[in-house]
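A.B. asks: First, the structure itself, so that you have it in front of you.
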Amino acid sequence: MSAPQTRTWWVFGSLSDYQRGWLRPDIIAGLTVWAVLVPEALAYATIAGVPPVVGLYAAVPSLILYAAAGSSRHLIVGPMSATAALSAAMIAPLASGNDGRFIALSAALAIVTGLVGLLAGFMRLGFIASFISEPVLKGFIVGLALTIIIGQVPKLLGVEKGEGNFFVQAWTVVKELGEVDGPTVIIGLLSLAMVLGVKRWLPLVPGSLLVVLLGITAVALFGLDDRGIDIVGHIDSGLPSMGLPSGVGAEDYLDLVGPAVGVLLIGFAEGLGAAKTYAAKAGYTIDANRELAGLGAANLGSGLCSGMVVNGSLSKTAVNGGAGAKSQVSGLVVAALTLLTLLFLTGLFEKLPEATLSAVVIAAVIELVDFSSLAALYRVWTKRLGSIYGHAARADFAAAIAAMFGVLLFDTLPGLIIGIAVSMLLLLYRVSKPHVAALAKDGTRWVDASGHPDLRTLDGIVVVRVESGLFFANADHVRDQITGLVTAGTTMVVLDAETSPFIDVSAAQMLAQLRDSLARKNVSFRVARDIGQFRDVLSGADRGALKVDVYPTVSQALAGGGGTSA
C-alpha cells in the first residue's frame with residue numbers, strides 16, 4: 001500500500017495543513033509582532049529616506065502576499081534595515097534631491113525588485129543563495145549595522161548629520177559633539193537604555209512599542225516639541241494610493257533593474273536564513289524558489305501600494321516564533337492590525353520624538369554588531385592549516401572582514417560584492433593548492449605522516465593522498481608536490497585516491513605524464529582506491545594515452561596484484 005500523498009498548495013501553501021488548535025497562539029504571536037513592527041516600520045522608513053508612514057504602507061501588502069506565495073510558516077516580511085539602507089543609497093543619485101521623486105522611485109524600486117524576484121522564482125534560481133557564504137553575510141551585516149548606527153547618532157544627539165562613508169560620518173559626529181542638544185541627548189539616551197533594558201530583562205514585553213508610547217506621552221504632557229525637541233510630525237492617515245508611482249518613466253524602471261538585483265540578493269539571503277532557522281526547529285522544509293517568489297510578490301505588492309522594499313526579518317521572525325506562532329495566520333493578523341493602525345492610529349505617532357525613533361533603530365540593529373562571531377572566524381586556524389594555505393587559512397575571516405570594510409568604505413552593494421569576490425578568490429586559491437600528504441601506515445590505516453612523527457614510512461615507497469578533487473586548476477601543483485617527495489632511493493609512488501572524489505581530463509593527463517616522468521627514473525606509479533567520478537573519468541579517458549594502473553587498495557598496489565588499467 002502506497003504512502004498517503006501530502007496535498008501541496010501554491011497559493012497559501014503554508015496553510016495547507018492548518019489545525020484549529022493553532023489559531024490562539026497565532027493570534028497572540030500576531031499581536032506581539034505588531035507591537036514591534038509598527039515602531040520599527042516607521043524607523044526603517046526613515047533609514048530608506050522616505051516618510052515614516054511608508055513603512056506601514058509596505059508592511060500590509062507584503063505580509064499578505066508573502067503568506068500567499070512563500071513557503072515558511074514563521075517568516076515575517078516587512079521593511080528592514082539592510083534593504084532600507086540599500087534603497088536609500090540606490091535612489092539618492094537618481095532622485096537628484098527631489099523629495100517627491102525620491103518617494104516615487106523608492107516605490108518603483110520595490111516594484112522592480114518584486115518582478116525580478118518573481119521571475120527568479122519561476123526560473124528556479126534559488127540556488128544563488130549558496131554563493132553568499134555565511135561569513136560574507138556576517139561581515140556585511142556587521143558593516144551595515146555600524147553604518148546604520150552612525151547615521152542615527154546625529155538625531156540621538158541633536159546635531160547635524162555628515163555625508164559620506166562610515167568613517168567620514170563618524171568624524172563629523174566627533175566634531176559636532178560640542179554642539180549637542182542637552183534635552184535631545186537625555187531623551188535619546190534614556191529611550192535607548194530603556195529599549196535595551198526591556199529587551200534584556202523583560203524579553204516578552206514589546207520594548208520598542210513601550211518606549212515609543214512613553215516618548216509620545218512625554219511630548220504631549222510637557223510640550224517638548226515646543227521646547228525644541230524634533231518630532232516625527234504629520235503622518236498621513238488612511239490607505240495609500242494604489243498603482244504605479246507617478247512621475248516614473250520606462251527609463252527609470254530600466255535604471256532600477258541593477259539596484260533591484262542587489263536588493264533582492266541581500267533580502268533573499270537574510271530572509272532565507274531566518275526561514276530555515278525556524279523551519280528546522282518546527283520540522284518542515286523551506287523551498288528556496290518559493291521564497292524568491294514570495295519575496296518578489298511581497299515587494300511587488302508593497303511598491304503598488306506606495307511602499308518601499310521589504311524582506312524577511314530575522315528579529316521579527318524570532319519574536320513571532322518565540323511568541324508561539326504556528327503558521328502564517330500570525331502574519332495575516334499583523335497585517336490586519338497594521339491596517340487598523342493606518343486607519344485610526346497614525347495621529348498617535350505624530351508626537352514621537354526623533355531621538356526616540358533613532359533609539360529604536362539603534363536598539364534594533366546593535367545586536368547585529370556581532371564582533372564575537374568575527375573573532376570566532378579568526379580562531380578557525382591551526383598550525384597545520386597555516387602551513388598548507390598560509391594567510392588563506394583564515395579564508396572565512398578574510399571574506400567577512402572584506403565585506404564589512406567594503407560596506408564601511410564604499411557602501412552596501414559594493415561591500416557585498418567585495419565580500420563575495422574575496423571569498424571566491426580565496427576559495428580558488430585554496431582549491432588550486434590542496435594539501436598533498438605523505439602517508440604512513442598505522443595498523444590497518446594510512447594516515448598523514450606529518451601528524452604522526454612516531455610512525456615510519458616504507459623504505460623506497462611514497463604513498464600520498466590529495467585532500468581535494470583533481471582538476472585543471474590544481475593539477476600542476478599536485479604534480480610538483482608529488483615529484484618533490486621522490487628521492488634517489490624511491491622505487492614506487494602510490495596515490496591513494498580515496499580523498500579525491502573527482503578528476504577532470506586535464507588532471508588525468510597530468511597523472512599519465514607523471515607516470516611517464518617517474519618511469520624514466522625507474523619509479524613505478526600506481527593509483528589505489530579510486531572512487532565515484534574519479535573512477536568514471538579514468539575509465540572513460542583515452543586508454544592509450546592515459547592508461548594508469550589502478551588497484552582496489554593501497555596494500556594491493558604495493559604488492560602489485562589485482563590491478564586494472566584505466
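Naming scheme: A, B, ... for chains in displayed order of the C-alpha cells; residues 1 onward per chain; ligands 1 onward as shown.
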Do a neighbour search on segment 184-197 of chain A at 10 Å with only C-alpha atoms, toss out local chain neighbours closer than 2 positions, and write the hits as a ChimeraX atom specification.
C.D. replies: /A:153-159,180-182,199-203,206-212,214-215,218,224,228-230,353-364,366-367
A.B. asks: Applying 10 Å and only C-alpha atoms, which residues near Thr217 of chain A remain after dropping the ones on its own chain fewer than 5 positions away? List them as a PyMOL selection string.
C.D. replies: chain A and resi 211-212+222-223+348+351-352
A.B. asks: Out of A:Arg520, A:Arg430, A:Arg529, A:Arg24, which residue has the shortest atom-to-atom distance to His391 of chain A when counting only C-alpha atoms?
C.D. replies: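 Of A:Arg520, A:Arg430, A:Arg529, A:Arg24, the one nearest His391 of chain A is A:Arg430, counting only C-alpha atoms.
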A.B. asks: Quick one: residues within 8 Å of Trp34 of chain A, only C-alpha atoms, excluding same-chain residues fewer than 4 positions away - as a VMD selection string?
C.D. replies: chain A and resid 30 38 334 337 to 338
A.B. asks: A:Gly390, A:Gly151, A:Gly121, A:Gly21: which is nearest Asn289 of chain A, counting only C-alpha atoms?
C.D. replies: A:Gly121
A.B. asks: Choose the residue, out of A:Ala250, A:Ala69, A:Val168, A:Ala104, that has the smallest atom-to-atom separation from Leu15 of chain A; count only C-alpha atoms.
C.D. replies: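 Ranked by minimum distance to Leu15 of chain A, first place goes to A:Ala69.
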A.B. asks: Run DSSP on the backbone and grab whatever in segment 61-164 of chain A lands in alpha helix (DSSP H); send it over as a ChimeraX atom specification.
C.D. replies: /A:61-69,81-95,99-122,134-157
A.B. asks: From the set A:Ala298, A:Val365, A:Gly139, A:Gly126, which residue has the shortest atom-to-atom contact distance to Ile47 of chain A, counting only C-alpha atoms?
C.D. replies: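 The closest residue to Ile47 of chain A is A:Val365.
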A.B. asks: Give me, as a list in words, all polymer residues having an atom no more than 8 Å from Thr490 of chain A, counting only C-alpha atoms and skipping those fewer than 4 positions away in the same chain.
C.D. replies: Asp459, Gly460, Ile461, Val462, Val486 and Val523 of chain A
A.B. asks: Take the residues from that selection and put them in a file with all heavy atoms, as a short mmCIF file (atom, residue, chain, number, x, y, z; two decimals), in the first residue's frame.
C.D. replies:
data_model
loop_
_atom_site.label_atom_id
_atom_site.label_comp_id
_atom_site.auth_asym_id
_atom_site.auth_seq_id
_atom_site.Cartn_x
_atom_site.Cartn_y
_atom_site.Cartn_z
N ASP A 459 60.48 2.14 3.27
CA ASP A 459 61.71 2.45 2.54
C ASP A 459 61.48 2.33 1.04
O ASP A 459 60.97 1.31 0.55
CB ASP A 459 62.83 1.51 2.97
CG ASP A 459 63.26 1.73 4.41
OD1 ASP A 459 63.02 2.85 4.91
OD2 ASP A 459 63.79 0.79 5.04
N GLY A 460 61.85 3.38 0.32
CA GLY A 460 61.78 3.34 -1.13
C GLY A 460 60.39 3.51 -1.70
O GLY A 460 60.21 3.47 -2.92
N ILE A 461 59.38 3.69 -0.83
CA ILE A 461 58.00 3.77 -1.30
C ILE A 461 57.37 5.07 -0.76
O ILE A 461 57.49 5.39 0.42
CB ILE A 461 57.18 2.56 -0.84
CG1 ILE A 461 57.71 1.29 -1.51
CG2 ILE A 461 55.70 2.74 -1.17
CD1 ILE A 461 57.06 0.01 -1.03
N VAL A 462 56.70 5.78 -1.64
CA VAL A 462 55.99 7.00 -1.28
C VAL A 462 54.50 6.77 -1.51
O VAL A 462 54.08 6.48 -2.64
CB VAL A 462 56.47 8.21 -2.11
CG1 VAL A 462 55.62 9.44 -1.79
CG2 VAL A 462 57.94 8.50 -1.85
N VAL A 486 59.73 12.52 -4.13
CA VAL A 486 60.53 11.43 -4.69
C VAL A 486 62.01 11.71 -4.49
O VAL A 486 62.51 12.80 -4.80
CB VAL A 486 60.23 11.26 -6.20
CG1 VAL A 486 61.14 10.20 -6.81
CG2 VAL A 486 58.76 10.90 -6.41
N VAL A 523 60.91 4.62 -11.48
CA VAL A 523 59.95 4.66 -10.38
C VAL A 523 58.57 4.33 -10.94
O VAL A 523 58.12 4.98 -11.89
CB VAL A 523 59.92 6.04 -9.70
CG1 VAL A 523 58.87 6.06 -8.58
CG2 VAL A 523 61.30 6.41 -9.15
#
A.B. asks: With distances taken over only C-alpha atoms, which residue among A:Val142, A:Ala336, A:Leu304, A:Val478 lies nearest Ile27 of chain A?
C.D. replies: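 Nearest to Ile27 of chain A: A:Ala336.
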